[in-house]
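J.: Submitted below is the structure of interest, expressed as structure tokens.
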Amino acid sequence: GIHQPKPAMKISGAALCALFSAASVAAFVSPGLQAPPSSSSSVGISSRPATFARRNSASAILRRMADATAEASAEPEKESFEFQAEVGRVMDLIINSLYSDKDIFLRELVSNAADACDKKRFLSITDDGAAASVQPEIKIRSDPDAGTVTIEDSGVGMTRDELINNLGRIAQSGTRNFVQALGEGTADVNLIGQFGVGFYSAYLIADRVEVITKSMQPGSPQLKWESAAGQEFTIADDGASDEPIESSGTRIVLHLKDDALQYMETSKIEELLKRYSEFIEFPINVWKETTEYKKVPDEEANKDLAEGEE
């Protein structure tokens with residue numbers, strides 16, 4: 001009189017005998033749009049070793065010394081420069097600004113990127129030898145593993161002299177006026193873009209900034225500008241980079257502060273773009289990663305079922 005349940009292997013129905021597989025899909029998409037289907041390239045999550053073997057032998061030590069020497073010799077030579085006094089003062093004010101709206105960094109950097117794209121478009125029209133092979137656009141991507149946000153444009157790019165003059169030794173009156181207005185209390189950091197020095201708003205959320213750029217001038221090399229918000233910056237050749245810039249443009253990599261990690265979230269970036277960059281006329285694409293689930297037969301569970309019961 002006791003009901004005996006049937007063995008699990010005899011239960012029919014594909015819904016009970018299926019597994020779900022997940023695939024990670026990532027691509028650049030415009031804000032508000034869903035990521036493309038699974039035909040896009042798949043991006044995996046990098047893994048780091050959890051343990052390290054201890055090597056105490058003399059030969060191992062010598063090998064490490066040799067590897068370190070080879071690695072150092074392979075690194076491009078960096079030139080160091082001191083910031084102009086006014087620029088250093090602006091950076092100090094930004095870094096120590098506790099009550100400013102940190103969100104404005106995206107407004108300023110996207111605005112600069114759009115200006116670079118606009119300049120490239122203008123030069124491509126007026127200069128027969130400067131035809132644009134790549135349509136100007138802006139891309140934004142976050143990397144949670146590295147703790148970075150990258151803003152890249154396919155605009156006009158910068159030469160070595162332009163890197164020095166535009167990012168380190170600004171002789172424009174705007175820099176001095178900005179410092180003076182802050183000192184007099186007639187302006188705050190949120191108005192930085194009105195003085196032509198919006199780039200430095202990057203240091204509201206980043207403790208180190210890299211600027212990789214390639215000018216659209218013929219024969220221009222790819223260069224890397226870098227500063228950790230101190231008194232100096234460096235410039236080095238970046239021609240051996242694993243991520244070469246196609247045609248021309250500028251890639252700004254922000255190494256986020258511990259209290260600014262929320263800016264790695266795609267939803268946060270899209271929110272700020274809708275608030276600040278609605279009228280940017282060039283395409284802005286945000287890198288998105290989604291997980292797609294697919295139902296596949298569980299062959300192990302179905303192997304004992306009679307034909308037609310799957």
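Just remember, in the structure tokens the first chain shown is A, the second B, etc., residues are 1-based per chain, and ligands are 1-based in the order shown.
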Which polymer residues have any atom within 6 Å of an atom of A:Glu226, counting only C-alpha atoms, with same-chain residues fewer than 4 positions away left out, as number ranges by chain?

T.: A: 209-210, 233-234

J.: Which parts of stretch 95-262 of chain A does DSSP call strand (DSSP E or B) when run on the backbone here, written out as a PyMOL selection string?

T.: chain A and resi 138-143+148-153+206-214+222-227+232-237+249-256

J.: When you look at A:Ser111 with a cut-off of 8 Å (counting only C-alpha atoms), what residues show up, excluding the ones that are within fewer than 3 positions of it in the same chain? I need them as a CSV table (one decimal) with all heavy atoms, in the first residue's frame.

T.:
```csv
chain,number,residue,atom,x,y,z
A,107,ARG,N,32.1,64.3,-17.7
A,107,ARG,CA,31.6,65.4,-18.5
A,107,ARG,C,32.8,66.1,-19.2
A,107,ARG,O,32.8,66.4,-20.4
A,107,ARG,CB,30.8,66.4,-17.7
A,107,ARG,CG,30.4,67.7,-18.5
A,107,ARG,CD,29.9,68.7,-17.5
A,107,ARG,NE,30.9,69.3,-16.7
A,107,ARG,CZ,30.7,70.1,-15.6
A,107,ARG,NH1,29.5,70.3,-15.2
A,107,ARG,NH2,31.8,70.6,-15.0
A,108,GLU,N,33.9,66.4,-18.4
A,108,GLU,CA,35.0,67.1,-18.9
A,108,GLU,C,35.8,66.2,-19.9
A,108,GLU,O,36.2,66.7,-21.0
A,108,GLU,CB,35.9,67.5,-17.8
A,108,GLU,CG,35.3,68.5,-16.8
A,108,GLU,CD,34.7,69.7,-17.5
A,108,GLU,OE1,35.3,70.2,-18.5
A,108,GLU,OE2,33.7,70.3,-17.0
A,114,ALA,N,35.3,64.8,-27.6
A,114,ALA,CA,34.4,65.3,-28.7
A,114,ALA,C,35.1,66.4,-29.4
A,114,ALA,O,35.1,66.5,-30.7
A,114,ALA,CB,33.1,65.7,-28.1
A,115,ASP,N,35.8,67.3,-28.7
A,115,ASP,CA,36.6,68.4,-29.3
A,115,ASP,C,37.7,67.8,-30.3
A,115,ASP,O,37.9,68.3,-31.4
A,115,ASP,CB,37.2,69.3,-28.3
A,115,ASP,CG,36.2,70.1,-27.6
A,115,ASP,OD1,35.0,70.2,-28.1
A,115,ASP,OD2,36.5,70.7,-26.5
A,277,SER,N,26.2,64.4,-21.2
A,277,SER,CA,26.7,64.3,-22.6
A,277,SER,C,25.6,64.0,-23.6
A,277,SER,O,25.9,63.4,-24.7
A,277,SER,CB,27.8,63.2,-22.7
A,277,SER,OG,28.8,63.4,-21.7
A,280,ILE,N,26.4,65.5,-27.2
A,280,ILE,CA,27.6,65.2,-27.9
A,280,ILE,C,27.2,64.6,-29.2
A,280,ILE,O,26.4,63.7,-29.3
A,280,ILE,CB,28.5,64.2,-27.1
A,280,ILE,CG1,28.9,64.9,-25.8
A,280,ILE,CG2,29.7,63.8,-27.9
A,280,ILE,CD1,29.9,66.0,-25.9
```

J.: For A:Ser30, find every residue with an atom within 8 Å (counting only C-alpha atoms), except residues of its own chain fewer than 4 positions away, and show them as a list of chain:residue names.

T.: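 Once the adjacent positions are removed, what remains is A:Pro283, A:Ile284, A:Asn285, A:Val286.
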
J.: When you look at stretch 117-127 of chain A with a cut-off of 10 Å (counting only C-alpha atoms), what residues show up, excluding the ones that are within fewer than 3 positions of it in the same chain? I need them as a list in words.

T.: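 After dropping sequence-adjacent residues, the list is Ser111, Asn112, Ala113, Ala114, Ala130, Ala131, Ala132, Ser133, Gln135, Pro136, Glu137, Ile138, Asp153, Ser154, Gly155, Val156, Gly157, Ser215, Met216, Ser248, Gly249, Thr250, Glu281 and Phe282 of chain A.
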
J.: Show me a table, sorted first by chain and then by increasing residue number, of the residues of stretch 109-168 of chain A having an atom at most 9 Å from stretch 253-262 of chain A, each with its shortest atom pair and the distance in Å to one decimal, counting only C-alpha atoms and written as CSV.

T.:
```
residue,atom,partner,partner_atom,distance
A:Pro144,CA,A:Leu261,CA,8.5
A:Ala146,CA,A:His255,CA,7.9
A:Gly147,CA,A:Leu256,CA,5.9
A:Thr148,CA,A:His255,CA,4.7
A:Val149,CA,A:Leu254,CA,5.2
A:Thr150,CA,A:Val253,CA,4.5
A:Ile151,CA,A:Val253,CA,6.7
A:Glu152,CA,A:Val253,CA,8.5
```

J.: Among the residues of stretch 113-305 of chain A, find those DSSP assigns to helix (DSSP H, G or I) from the backbone and print them as a ChimeraX atom specification.

T.: /A:113-126,128-130,160-167,173-184,189-195,198-204,258-264,266-276,299-302

J.: Could you turn the residues from that selection into a file that holds C-alpha atoms, as a PDB file, in the first residue's frame?

T.:
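The resulting file, part-v7.pdb, is reproduced below:
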```
ATOM      1  CA  ALA A 113      37.264  63.759 -26.594  1.00  0.00           C
ATOM      2  CA  ALA A 114      34.449  65.263 -28.666  1.00  0.00           C
ATOM      3  CA  ASP A 115      36.580  68.357 -29.347  1.00  0.00           C
ATOM      4  CA  ALA A 116      39.396  66.103 -30.602  1.00  0.00           C
ATOM      5  CA  CYS A 117      36.963  64.251 -32.880  1.00  0.00           C
ATOM      6  CA  ASP A 118      35.559  67.521 -34.183  1.00  0.00           C
ATOM      7  CA  LYS A 119      39.038  68.828 -34.949  1.00  0.00           C
ATOM      8  CA  LYS A 120      39.890  65.639 -36.835  1.00  0.00           C
ATOM      9  CA  ARG A 121      36.714  65.896 -38.868  1.00  0.00           C
ATOM     10  CA  PHE A 122      37.484  69.510 -39.728  1.00  0.00           C
ATOM     11  CA  LEU A 123      41.059  68.751 -40.751  1.00  0.00           C
ATOM     12  CA  SER A 124      39.896  65.778 -42.814  1.00  0.00           C
ATOM     13  CA  ILE A 125      37.594  68.073 -44.764  1.00  0.00           C
ATOM     14  CA  THR A 126      40.024  70.956 -45.262  1.00  0.00           C
ATOM     15  CA  ASP A 128      43.221  66.552 -48.765  1.00  0.00           C
ATOM     16  CA  GLY A 129      46.141  64.651 -47.245  1.00  0.00           C
ATOM     17  CA  ALA A 130      44.381  64.112 -43.925  1.00  0.00           C
ATOM     18  CA  ARG A 160      55.108  64.823 -28.095  1.00  0.00           C
ATOM     19  CA  ASP A 161      55.252  68.633 -27.941  1.00  0.00           C
ATOM     20  CA  GLU A 162      51.473  68.849 -27.640  1.00  0.00           C
ATOM     21  CA  LEU A 163      51.526  66.387 -24.734  1.00  0.00           C
ATOM     22  CA  ILE A 164      54.055  68.568 -22.929  1.00  0.00           C
ATOM     23  CA  ASN A 165      52.297  71.852 -23.652  1.00  0.00           C
ATOM     24  CA  ASN A 166      48.683  70.720 -23.279  1.00  0.00           C
ATOM     25  CA  LEU A 167      49.007  68.498 -20.199  1.00  0.00           C
ATOM     26  CA  SER A 173      45.654  82.534 -18.915  1.00  0.00           C
ATOM     27  CA  GLY A 174      42.820  80.109 -18.125  1.00  0.00           C
ATOM     28  CA  THR A 175      44.979  78.186 -15.668  1.00  0.00           C
ATOM     29  CA  ARG A 176      45.928  81.288 -13.721  1.00  0.00           C
ATOM     30  CA  ASN A 177      42.358  82.603 -13.841  1.00  0.00           C
ATOM     31  CA  PHE A 178      41.047  79.331 -12.467  1.00  0.00           C
ATOM     32  CA  VAL A 179      43.485  79.340  -9.558  1.00  0.00           C
ATOM     33  CA  GLN A 180      42.708  82.990  -8.872  1.00  0.00           C
ATOM     34  CA  ALA A 181      38.937  82.421  -8.964  1.00  0.00           C
ATOM     35  CA  LEU A 182      39.235  79.485  -6.577  1.00  0.00           C
ATOM     36  CA  GLY A 183      41.315  81.560  -4.218  1.00  0.00           C
ATOM     37  CA  GLU A 184      38.837  84.421  -4.293  1.00  0.00           C
ATOM     38  CA  VAL A 189      36.166  72.860  -8.966  1.00  0.00           C
ATOM     39  CA  ASN A 190      32.858  72.003 -10.651  1.00  0.00           C
ATOM     40  CA  LEU A 191      33.426  74.925 -13.061  1.00  0.00           C
ATOM     41  CA  ILE A 192      36.832  73.715 -14.146  1.00  0.00           C
ATOM     42  CA  GLY A 193      35.799  73.210 -17.775  1.00  0.00           C
ATOM     43  CA  GLN A 194      34.954  76.897 -18.211  1.00  0.00           C
ATOM     44  CA  PHE A 195      38.627  77.720 -17.696  1.00  0.00           C
ATOM     45  CA  GLY A 198      39.007  70.193 -17.564  1.00  0.00           C
ATOM     46  CA  PHE A 199      41.511  67.390 -18.125  1.00  0.00           C
ATOM     47  CA  TYR A 200      42.728  67.669 -14.537  1.00  0.00           C
ATOM     48  CA  SER A 201      39.273  66.741 -13.224  1.00  0.00           C
ATOM     49  CA  ALA A 202      40.475  63.171 -13.860  1.00  0.00           C
ATOM     50  CA  TYR A 203      42.306  63.425 -10.537  1.00  0.00           C
ATOM     51  CA  LEU A 204      39.003  63.783  -8.698  1.00  0.00           C
ATOM     52  CA  ASP A 258      39.585  53.398  -3.438  1.00  0.00           C
ATOM     53  CA  ASP A 259      36.610  55.699  -2.855  1.00  0.00           C
ATOM     54  CA  ALA A 260      35.763  55.942  -6.583  1.00  0.00           C
ATOM     55  CA  LEU A 261      35.290  52.294  -7.555  1.00  0.00           C
ATOM     56  CA  GLN A 262      31.598  52.896  -8.281  1.00  0.00           C
ATOM     57  CA  TYR A 263      32.633  54.449 -11.594  1.00  0.00           C
ATOM     58  CA  MET A 264      33.544  50.996 -12.895  1.00  0.00           C
ATOM     59  CA  THR A 266      28.341  50.420 -16.469  1.00  0.00           C
ATOM     60  CA  SER A 267      25.051  51.685 -15.065  1.00  0.00           C
ATOM     61  CA  LYS A 268      26.843  54.570 -13.337  1.00  0.00           C
ATOM     62  CA  ILE A 269      28.676  55.563 -16.526  1.00  0.00           C
ATOM     63  CA  GLU A 270      25.447  55.468 -18.546  1.00  0.00           C
ATOM     64  CA  GLU A 271      23.675  57.576 -15.927  1.00  0.00           C
ATOM     65  CA  LEU A 272      26.362  60.270 -16.148  1.00  0.00           C
ATOM     66  CA  LEU A 273      26.381  60.205 -19.946  1.00  0.00           C
ATOM     67  CA  LYS A 274      22.637  60.804 -20.034  1.00  0.00           C
ATOM     68  CA  ARG A 275      23.025  63.647 -17.560  1.00  0.00           C
ATOM     69  CA  TYR A 276      26.055  65.422 -19.012  1.00  0.00           C
ATOM     70  CA  GLU A 299      23.170  13.439 -21.408  1.00  0.00           C
ATOM     71  CA  GLU A 300      24.038  11.712 -18.120  1.00  0.00           C
ATOM     72  CA  ALA A 301      20.446  11.952 -16.848  1.00  0.00           C
ATOM     73  CA  ASN A 302      18.932  10.985 -20.184  1.00  0.00           C
TER      74      ASN A 302
END
```

J.: For atom CA of A:Gln222 and atom CA of A:Gly239, quote the distance in Å rounded to one decimal.

T.: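 Taking atom CA of A:Gln222 as the start and atom CA of A:Gly239 as the end point, the length is 5.3 Å.
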